>>> print(open('run.cif').read())   # mmCIF, C-alpha atoms
data_data
loop_
_atom_site.group_PDB
_atom_site.id
_atom_site.type_symbol
_atom_site.label_atom_id
_atom_site.label_comp_id
_atom_site.auth_asym_id
_atom_site.auth_seq_id
_atom_site.Cartn_x
_atom_site.Cartn_y
_atom_site.Cartn_z
ATOM 1 C CA MET A 741 -4.144 -19.418 -1.558
ATOM 2 C CA ILE A 742 -7.816 -19.305 -2.493
ATOM 3 C CA LEU A 743 -9.322 -15.882 -1.971
ATOM 4 C CA ARG A 744 -12.722 -16.343 -3.533
ATOM 5 C CA GLN A 745 -15.422 -18.945 -3.660
ATOM 6 C CA SER A 746 -18.467 -17.291 -5.203
ATOM 7 C CA GLY A 747 -17.331 -13.905 -3.857
ATOM 8 C CA VAL A 748 -17.860 -14.830 -0.193
ATOM 9 C CA ALA A 749 -14.284 -15.528 0.830
ATOM 10 C CA THR A 750 -13.010 -12.271 -0.694
ATOM 11 C CA ALA A 751 -15.096 -10.179 1.733
ATOM 12 C CA ALA A 752 -13.783 -12.238 4.650
ATOM 13 C CA PHE A 753 -10.236 -11.855 3.354
ATOM 14 C CA VAL A 754 -10.623 -8.074 3.070
ATOM 15 C CA GLU A 755 -12.100 -8.003 6.599
ATOM 16 C CA ARG A 756 -9.099 -9.961 7.898
ATOM 17 C CA LEU A 757 -6.532 -7.690 6.215
ATOM 18 C CA ALA A 758 -8.381 -4.428 6.939
ATOM 19 C CA PRO A 759 -10.388 -5.162 10.101
ATOM 20 C CA GLU A 760 -13.186 -2.857 11.225
ATOM 21 C CA ASP A 761 -11.027 -1.039 13.836
ATOM 22 C CA LEU A 762 -8.305 -0.255 11.289
ATOM 23 C CA TRP A 763 -10.885 0.698 8.655
ATOM 24 C CA ALA A 764 -12.558 3.125 11.076
ATOM 25 C CA LEU A 765 -9.192 4.804 11.750
ATOM 26 C CA PHE A 766 -8.383 4.901 8.046
ATOM 27 C CA GLN A 767 -11.664 6.633 7.253
ATOM 28 C CA ARG A 768 -10.641 9.485 9.568
ATOM 29 C CA VAL A 769 -7.473 10.233 7.565
ATOM 30 C CA GLY A 770 -8.192 8.912 4.071
ATOM 31 C CA PRO A 771 -8.810 11.579 1.450
ATOM 32 C CA PRO A 772 -12.254 11.737 -0.147
ATOM 33 C CA ALA A 773 -12.660 10.171 -3.566
ATOM 34 C CA PRO A 774 -12.154 12.736 -6.322
ATOM 35 C CA GLU A 775 -15.230 14.016 -8.132
ATOM 36 C CA ARG A 776 -15.687 12.770 -11.675
ATOM 37 C CA PRO A 777 -18.112 15.245 -13.251
ATOM 38 C CA GLN A 778 -17.547 13.904 -16.770
ATOM 39 C CA GLY A 779 -19.159 10.540 -15.932
ATOM 40 C CA GLY A 780 -18.306 7.361 -17.781
ATOM 41 C CA GLY A 781 -15.142 5.382 -17.263
ATOM 42 C CA HIS A 782 -14.623 2.599 -14.772
ATOM 43 C CA ARG A 783 -16.151 2.620 -11.319
ATOM 44 C CA ARG A 784 -13.592 3.628 -8.690
ATOM 45 C CA ARG A 785 -12.577 0.663 -6.562
ATOM 46 C CA GLY A 786 -13.499 0.807 -2.895
ATOM 47 C CA ASP A 787 -10.878 2.196 -0.539
ATOM 48 C CA ARG A 788 -11.209 -0.730 1.869
ATOM 49 C CA GLU A 789 -10.493 -3.288 -0.855
ATOM 50 C CA VAL A 790 -7.536 -1.231 -2.048
ATOM 51 C CA LEU A 791 -6.254 -0.865 1.532
ATOM 52 C CA ALA A 792 -6.468 -4.651 1.958
ATOM 53 C CA ALA A 793 -4.583 -5.163 -1.318
ATOM 54 C CA ILE A 794 -1.836 -2.745 -0.231
ATOM 55 C CA ILE A 795 -1.547 -4.541 3.116
ATOM 56 C CA PHE A 796 -1.374 -7.880 1.276
ATOM 57 C CA VAL A 797 1.496 -6.658 -0.921
ATOM 58 C CA ALA A 798 3.359 -5.219 2.082
ATOM 59 C CA ALA A 799 2.853 -8.329 4.225
ATOM 60 C CA SER A 800 3.500 -10.964 1.559
ATOM 61 C CA GLY A 801 6.420 -9.264 -0.156
ATOM 62 C CA CYS A 802 4.909 -9.864 -3.585
ATOM 63 C CA THR A 803 5.156 -7.254 -6.306
ATOM 64 C CA TRP A 804 2.209 -5.119 -7.374
ATOM 65 C CA ASN A 805 1.917 -7.224 -10.530
ATOM 66 C CA GLN A 806 1.668 -10.409 -8.453
ATOM 67 C CA LEU A 807 -1.453 -9.197 -6.630
ATOM 68 C CA PRO A 808 -3.980 -12.049 -6.899
ATOM 69 C CA PRO A 809 -6.837 -11.245 -9.294
ATOM 70 C CA ASP A 810 -9.384 -12.252 -6.662
ATOM 71 C CA PHE A 811 -8.995 -8.813 -5.060
ATOM 72 C CA GLY A 812 -11.006 -7.516 -7.999
ATOM 73 C CA LEU A 813 -8.442 -4.849 -8.810
ATOM 74 C CA SER A 814 -5.087 -4.707 -10.494
ATOM 75 C CA GLY A 815 -1.744 -4.079 -8.918
ATOM 76 C CA VAL A 816 -1.589 -0.859 -10.939
ATOM 77 C CA ILE A 817 -4.713 0.447 -9.191
ATOM 78 C CA ALA A 818 -3.341 -0.513 -5.771
ATOM 79 C CA PHE A 819 0.021 1.092 -6.563
ATOM 80 C CA ARG A 820 -1.557 4.339 -7.805
ATOM 81 C CA ARG A 821 -3.806 4.619 -4.755
ATOM 82 C CA SER A 822 -0.849 3.853 -2.460
ATOM 83 C CA THR A 823 1.070 6.657 -4.161
ATOM 84 C CA GLU A 824 -1.890 9.053 -3.832
ATOM 85 C CA TRP A 825 -2.200 8.227 -0.158
ATOM 86 C CA SER A 826 1.550 8.610 0.388
ATOM 87 C CA GLU A 827 1.488 12.077 -1.157
ATOM 88 C CA ALA A 828 -1.473 12.977 1.088
ATOM 89 C CA ARG A 829 0.544 11.707 4.120
ATOM 90 C CA VAL A 830 -2.210 9.195 4.902
ATOM 91 C CA TRP A 831 0.272 6.563 6.127
ATOM 92 C CA ALA A 832 1.911 8.918 8.632
ATOM 93 C CA LYS A 833 -1.477 10.096 9.908
ATOM 94 C CA LEU A 834 -2.772 6.529 10.140
ATOM 95 C CA HIS A 835 0.368 5.426 11.980
ATOM 96 C CA ARG A 836 -0.165 8.193 14.529
ATOM 97 C CA LEU A 837 -3.834 7.227 14.998
ATOM 98 C CA VAL A 838 -2.938 3.554 15.465
ATOM 99 C CA LEU A 839 -0.306 4.444 18.067
ATOM 100 C CA ASP A 840 -2.741 6.777 19.866
ATOM 101 C CA ASP A 841 -5.431 4.082 19.831
ATOM 102 C CA LEU A 842 -3.073 1.404 21.149
ATOM 103 C CA GLY A 843 -1.735 3.786 23.795
ATOM 104 C CA SER A 844 -5.218 4.685 25.024
ATOM 105 C CA ARG A 845 -5.997 0.981 25.423
ATOM 106 C CA GLY A 846 -2.732 0.256 27.211
ATOM 107 C CA GLY A 847 -1.544 -1.747 24.228
ATOM 108 C CA LEU A 848 1.902 -0.181 23.939
ATOM 109 C CA ASP A 849 4.869 -1.503 25.864
ATOM 110 C CA CYS A 850 7.765 0.914 25.554
ATOM 111 C CA SER A 851 9.988 -0.969 28.007
ATOM 112 C CA ARG A 852 11.906 -2.502 25.082
ATOM 113 C CA CYS A 853 12.048 0.548 22.817
ATOM 114 C CA ALA A 854 15.304 1.940 21.498
ATOM 115 C CA ILE A 855 16.094 5.162 19.731
ATOM 116 C CA GLY A 856 19.172 5.297 17.596
ATOM 117 C CA SER A 857 21.014 7.872 15.577
ATOM 118 C CA VAL A 858 23.975 7.935 13.271
ATOM 119 C CA SER A 859 25.892 11.038 12.341
ATOM 120 C CA VAL A 860 28.522 11.113 9.643
ATOM 121 C CA ARG A 861 30.722 14.096 9.086
ATOM 122 C CA ALA A 862 30.462 15.517 5.572
ATOM 123 C CA LEU A 863 33.897 15.722 4.039
ATOM 124 C CA LYS A 864 35.008 18.457 1.639
ATOM 125 C CA GLY A 865 31.983 20.670 2.167
ATOM 126 C CA GLY A 866 29.392 17.880 2.007
ATOM 127 C CA GLY A 867 29.052 18.088 -1.768
#
>>> encode(input="run.cif", output="structure tokens")
Amino acid sequence: MILRQSGVATAAFVERLAPEDLWALFQRVGPPAPERPQGGGHRRRGDREVLAAIIFVAASGCTWNQLPPDFGLSGVIAFRRSTEWSEARVWAKLHRLVLDDLGSRGGLDCSRCAIGSVSVRALKGGG
């Protein structure tokens, strides 16, 4: 899969993985970038590019280390940001916003939904 040809295809690829509607919802729940008063160091990678990389890993089933270099960031960066966002409950908040957005547009069909539960008795005090 070719992601970049002179940098043009990468932007289109990011747009396809993190389209404008999803990006707008993400911006409502994504935490602000931390302040770096000391200066120096590497420039923080853009959240949209990182979001696209995380979606790529989730959708393709590749490992973080197999993230194509054409994203312009390493799998380590994507993994760390995914962890940060998990701890900030960004995924749960984003999921709720996506469901609310789809519901308001009539895009949810709950006629084939199922809710399941399993209960198992704890033996010998559950320990």
>>> closest_atom_pairs(input="run.cif", of="range 809-848 of chain A", to="range 759-777 of chain A", cutoff="9 Å", atoms="only C-alpha atoms", output="Markdown table")
| residue | atom | partner | partner_atom | distance |
| --- | --- | --- | --- | --- |
| A:Trp825 | CA | A:Gly770 | CA | 7.4 |
| A:Ala828 | CA | A:Pro771 | CA | 7.5 |
| A:Arg829 | CA | A:Val769 | CA | 8.8 |
| A:Val830 | CA | A:Val769 | CA | 6.0 |
| A:Trp831 | CA | A:Val769 | CA | 8.7 |
| A:Lys833 | CA | A:Val769 | CA | 6.4 |
| A:Leu834 | CA | A:Phe766 | CA | 6.2 |
| A:Leu837 | CA | A:Leu765 | CA | 6.7 |
| A:Val838 | CA | A:Leu765 | CA | 7.4 |
| A:Asp841 | CA | A:Leu765 | CA | 8.9 |
>>> atom_distance(input="run.cif", atom1="CA of Ala751 in chain A", atom2="CA of Val816 in chain A")
20.7 Å
>>> residues_around(input="run.cif", residues="Val790 in chain A", least_positions_apart="2", cutoff="9 Å", atoms="all atoms listed in the file", output="list in words")
Arg785, Gly786, Asp787, Arg788, Ala792, Ala793, Ile794, Ile795, Phe811, Leu813, Ile817, Ala818, Arg821 and Ser822 of chain A
>>> atom_distance(input="run.cif", atom1="CA of Gly801 in chain A", atom2="CA of Ser826 in chain A")
18.5 Å
>>> residues_near_point(input="run.cif", point="(-13.9, -7.0, -0.2)", cutoff="6 Å", atoms="only C-alpha atoms", output="list in words")
Thr750, Ala751, Val754 and Glu789 of chain A
